[in-house]
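Dumped entry_35.txt below, it's compact mmCIF, C-alpha atoms:
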# COMPACT_ATOMS: atom_id res chain seq x y z
CA MET O 1 98.57 72.15 82.90
CA SER O 2 101.49 72.65 80.57
CA ALA O 3 104.36 70.17 80.46
CA GLU O 4 106.66 72.92 79.18
CA PRO O 5 109.87 73.46 81.16
CA GLN O 6 109.91 76.63 83.23
CA ALA O 7 111.62 79.66 81.74
CA VAL O 8 114.17 81.58 83.81
CA ASP O 9 114.10 85.38 84.09
CA VAL O 10 117.58 86.88 84.24
CA CYS O 11 118.80 90.37 85.14
CA ALA O 12 121.48 90.90 82.47
CA PHE O 13 124.34 93.39 82.78
CA TRP O 14 127.63 94.35 81.20
CA VAL O 15 131.01 93.75 82.80
CA GLY O 16 133.43 95.05 80.23
CA SER O 17 132.38 93.73 76.84
CA VAL O 18 130.68 90.60 78.20
CA VAL O 19 127.04 90.18 79.23
CA TYR O 20 126.48 88.37 82.52
CA GLY O 21 123.25 87.62 84.33
CA ILE O 22 121.75 86.60 87.65
CA ASP O 23 118.31 85.32 88.55
CA VAL O 24 115.95 88.31 88.87
CA ALA O 25 114.61 86.79 92.09
CA ARG O 26 117.97 87.71 93.73
CA VAL O 27 117.75 91.39 92.71
CA ASP O 28 116.33 93.88 95.23
CA GLU O 29 117.02 97.12 93.37
CA ILE O 30 119.35 98.92 90.96
CA LEU O 31 121.21 101.94 92.28
CA PRO O 32 122.78 104.73 90.25
CA ARG O 33 126.45 105.47 90.71
CA VAL O 34 127.40 105.27 94.41
CA VAL O 35 130.57 106.12 96.31
CA PRO O 36 131.25 103.46 98.95
CA LEU O 37 133.02 104.11 102.24
CA PRO O 38 136.36 102.23 102.35
CA VAL O 39 136.71 99.24 104.66
CA ALA O 40 140.03 98.43 106.33
CA GLU O 41 141.61 95.13 105.28
CA ALA O 42 138.93 94.40 102.68
CA PRO O 43 139.75 92.06 99.78
CA ALA O 44 140.79 93.90 96.60
CA HIS O 45 137.43 93.22 94.90
CA VAL O 46 135.46 94.90 97.72
CA GLU O 47 135.30 98.66 97.12
CA GLY O 48 133.75 99.42 100.50
CA VAL O 49 130.24 99.71 101.91
CA VAL O 50 127.21 101.90 101.33
CA HIS O 51 124.29 102.39 103.69
CA VAL O 52 121.00 101.37 102.11
CA HIS O 53 117.82 101.65 104.17
CA GLY O 54 119.88 101.65 107.37
CA THR O 55 121.99 98.60 106.52
CA ALA O 56 125.67 98.54 105.52
CA VAL O 57 126.00 96.72 102.19
CA PRO O 58 129.39 95.71 100.76
CA ILE O 59 130.06 96.82 97.18
CA VAL O 60 131.91 94.31 94.99
CA ASP O 61 133.49 95.47 91.73
CA LEU O 62 132.76 92.61 89.32
CA ARG O 63 135.46 93.90 86.93
CA ARG O 64 137.98 92.68 89.51
CA LEU O 65 136.47 89.17 89.62
CA LEU O 66 135.42 88.50 86.02
CA PRO O 67 137.17 88.75 82.68
CA ALA O 68 136.45 92.24 81.40
CA GLY O 69 137.14 94.34 78.36
CA THR O 70 135.91 97.68 77.19
CA PRO O 71 132.23 98.25 78.04
CA PRO O 72 129.86 99.46 75.33
CA ARG O 73 129.83 103.23 74.86
CA THR O 74 126.17 103.37 75.84
CA ALA O 75 126.76 101.57 79.15
CA LYS O 76 126.09 103.53 82.33
CA PRO O 77 127.66 102.11 85.53
CA LYS O 78 125.19 100.89 88.14
CA VAL O 79 125.14 98.91 91.38
CA ILE O 80 122.83 95.91 91.56
CA LEU O 81 121.67 95.17 95.10
CA ALA O 82 121.37 91.40 95.24
CA ARG O 83 120.56 88.83 97.91
CA ILE O 84 122.67 85.78 98.67
CA GLY O 85 120.69 83.90 101.27
CA ARG O 86 119.97 86.48 103.98
CA ARG O 87 122.92 88.70 103.05
CA ARG O 88 122.80 91.63 100.64
CA VAL O 89 125.64 92.65 98.38
CA GLY O 90 126.08 95.45 95.86
CA LEU O 91 127.49 94.42 92.50
CA ARG O 92 129.20 97.21 90.55
CA VAL O 93 128.59 96.65 86.85
CA ASP O 94 129.40 98.65 83.72
CA GLY O 95 125.77 98.88 82.61
CA MET O 96 122.43 97.14 82.45
CA ALA O 97 121.44 94.91 79.51
CA GLY O 98 117.82 94.38 80.61
CA VAL O 99 115.75 91.44 81.78
CA ARG O 100 115.90 88.36 79.59
CA ARG O 101 113.93 85.12 79.65
CA TYR O 102 115.55 81.78 78.80
CA THR O 103 114.14 78.28 78.47
CA PRO O 104 116.22 75.30 79.61
CA ALA O 105 116.87 74.46 75.92
CA GLU O 106 118.65 77.83 75.52
CA ILE O 107 121.06 77.20 78.39
CA ARG O 108 124.21 75.08 78.24
CA PRO O 109 126.75 74.24 80.98
CA GLY O 110 129.14 77.00 82.10
CA ALA O 111 132.67 77.71 81.07
CA SER O 112 135.90 77.44 83.01
CA VAL O 113 135.42 80.88 84.58
CA PRO O 114 134.81 80.55 88.34
CA GLY O 115 131.26 81.49 89.22
CA VAL O 116 129.84 80.99 85.70
CA LEU O 117 127.04 78.48 86.07
CA ALA O 118 125.81 78.37 82.47
CA ILE O 119 125.91 80.16 79.13
CA THR O 120 122.82 80.98 77.10
CA ALA O 121 122.31 80.75 73.36
CA ASP O 122 122.96 84.51 73.06
CA GLU O 123 126.20 84.22 75.12
CA CYS O 124 124.88 85.66 78.39
CA ARG O 125 126.95 84.07 81.17
CA LEU O 126 124.74 83.12 84.11
CA LEU O 127 126.50 83.63 87.44
CA ASP O 128 126.43 81.59 90.63
CA LEU O 129 126.93 84.44 93.12
CA ARG O 130 127.65 82.10 96.03
CA GLU O 131 130.56 80.53 94.17
CA LEU O 132 131.79 83.79 92.69
CA LEU O 133 131.84 85.59 96.03
CA ALA O 134 132.94 82.63 98.15
CA GLU O 135 135.74 83.33 100.57
CA ARG O 136 138.93 83.20 98.57
CA ALA O 137 142.49 84.17 99.12
CA ALA O 138 141.98 87.54 97.49
CA PRO O 139 144.81 90.01 97.96
CA ARG O 140 143.92 92.65 100.51
CA ARG O 141 144.22 96.36 99.82
CA PRO O 142 147.00 97.85 101.90
CA GLY O 143 146.40 100.87 104.07
CA LEU O 144 142.61 101.08 103.93

Using structure tokens, write down the structure that the file contains.
Amino acid sequence: MSAEPQAVDVCAFWVGSVVYGIDVARVDEILPRVVPLPVAEAPAHVEGVVHVHGTAVPIVDLRRLLPAGTPPRTAKPKVILARIGRRRVGLRVDGMAGVRRYTPAEIRPGASVPGVLAITADECRLLDLRELLAERAAPRRPGL
């Protein structure tokens, strides 16, 4: 048996000019561009819902929750279907940056951005989806 610390596999993606990541174990699938159905009284960061395999899944635009900038020219918007406990959520991102593997030595504590759990040696910000998507006093979109 090896005494080496376990590496973490991360699904990395672009939000603006910054690379973020979540544990690949949370990812169910990656969808191409989708057009969600609006939801009345939804928080501003919730674009609406899409039906995936017979289930309504809320779509959250991460650009509205995280510091963003201009995404790379090669980025192609996607929706990451992720699990938070037994719930599923769609995360709209500017593009995929691949799957990366990090050892504990490559990860340092997060920054002051809510929902950022840690930052890796190559500046990938690892997200805590529960904290990021926790109920907050987000302004609601009028008229939807």

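One finds atom CA of O:Arg92 at 21.9 Å from atom CA of O:Gly110.
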
Self-check item: Computed interatomic separation between atom CA of O:Arg63 and atom CA of O:Val24 (Å)
Solution: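 Answer for the atom CA of O:Arg63 to atom CA of O:Val24 separation: 20.4 Å.
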
Quiz item: Separation of atom CA of O:Thr120 and atom CA of O:Ala12, in Å?
Solution: 11.4 Å

Centre and edges of the stretch 39-48 of chain O box, axis-aligned, 4 Å extra per side, as lines of an AutoDock Vina configuration file:
center_x = 137.7
center_y = 95.7
center_z = 100.6
size_x = 15.9
size_y = 15.4
size_z = 19.4

Exercise. Place a sphere of radius 12 Å on (115.4, 75.7, 81.3) in the file coordinates and name every protein, DNA or RNA residue with an atom inside or on its surface, counting all atoms listed in the file; give the answer as number ranges by chain.
Key: O: 4-10, 101-109, 118-121

Practice problem: Determine, counting all atoms listed in the file, which protein, DNA and RNA residues have an atom within 9 Å of an atom of stretch 46-57 of chain O; residues of the same chain fewer than 4 positions away are not included. Present the result as JSON, numbers by chain. | Solution: {"O": [34, 35, 36, 37, 38, 39, 40, 42, 61, 64, 81, 87, 88, 89, 90]}

Quiz item: Leaving out O:Lys78 and any residue of its chain fewer than 6 positions from it, which residues lie within 8 Å of it when counting all atoms listed in the file, given as number ranges by chain?
Solution: O: 30-34, 92-96

Only C-alpha atoms, please: the residues just picked out, written as a short mmCIF file (atom, residue, chain, number, x, y, z; two decimals), keeping the file's coordinate frame.
data_model
loop_
_atom_site.label_atom_id
_atom_site.label_comp_id
_atom_site.auth_asym_id
_atom_site.auth_seq_id
_atom_site.Cartn_x
_atom_site.Cartn_y
_atom_site.Cartn_z
CA ILE O 30 119.35 98.92 90.96
CA LEU O 31 121.21 101.94 92.28
CA PRO O 32 122.78 104.73 90.25
CA ARG O 33 126.45 105.47 90.71
CA VAL O 34 127.40 105.27 94.41
CA ARG O 92 129.20 97.21 90.55
CA VAL O 93 128.59 96.65 86.85
CA ASP O 94 129.40 98.65 83.72
CA GLY O 95 125.77 98.88 82.61
CA MET O 96 122.43 97.14 82.45
#

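Each of O:Glu41, O:Glu131, O:Asp28, O:Asp122 was compared to O:Ile80 using all atoms listed in the file, and O:Asp28 turns out to be the nearest.
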
Practice problem: Identify which of the residues O:Gly21, O:Pro43, O:Gly69, O:Pro114 lies closest to O:Ala82, counting only C-alpha atoms when measuring atom-to-atom distances. | Solution: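 The answer is O:Gly21, which sits nearest to O:Ala82.
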
Practice problem: Pick out the closest residue to O:Val60 from this set: O:Arg86, O:Arg26, O:Leu129, O:Pro72. Count only C-alpha atoms. | Solution: O:Leu129

Quiz prompt | Contacts of O:Val19 within 9 Å, all atoms listed in the file, excl. fewer than 4 positions in-chain, as an MDAnalysis selection string | solution = chainID O and resid 12:15 96:97 123:126

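The shortest atom-to-atom distance to O:Leu65, with all atoms listed in the file taken into account, belongs to O:Leu91 out of O:Leu91, O:Ile22, O:Val99, O:Val79.
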
Exercise. Name all residues at most 10 Å from O:Leu66 (count all atoms listed in the file; drop same-chain ones fewer than 5 positions away) and give them as a PyMOL selection string.
Key: chain O and resi 15-16+18+20+61+113-116+132

Using the selection just defined, write its residues with C-alpha atoms as a compact mmCIF listing (two decimals), keeping the file's coordinate frame.
# COMPACT_ATOMS: atom_id res chain seq x y z
CA VAL O 15 131.01 93.75 82.80
CA GLY O 16 133.43 95.05 80.23
CA VAL O 18 130.68 90.60 78.20
CA TYR O 20 126.48 88.37 82.52
CA ASP O 61 133.49 95.47 91.73
CA VAL O 113 135.42 80.88 84.58
CA PRO O 114 134.81 80.55 88.34
CA GLY O 115 131.26 81.49 89.22
CA VAL O 116 129.84 80.99 85.70
CA LEU O 132 131.79 83.79 92.69
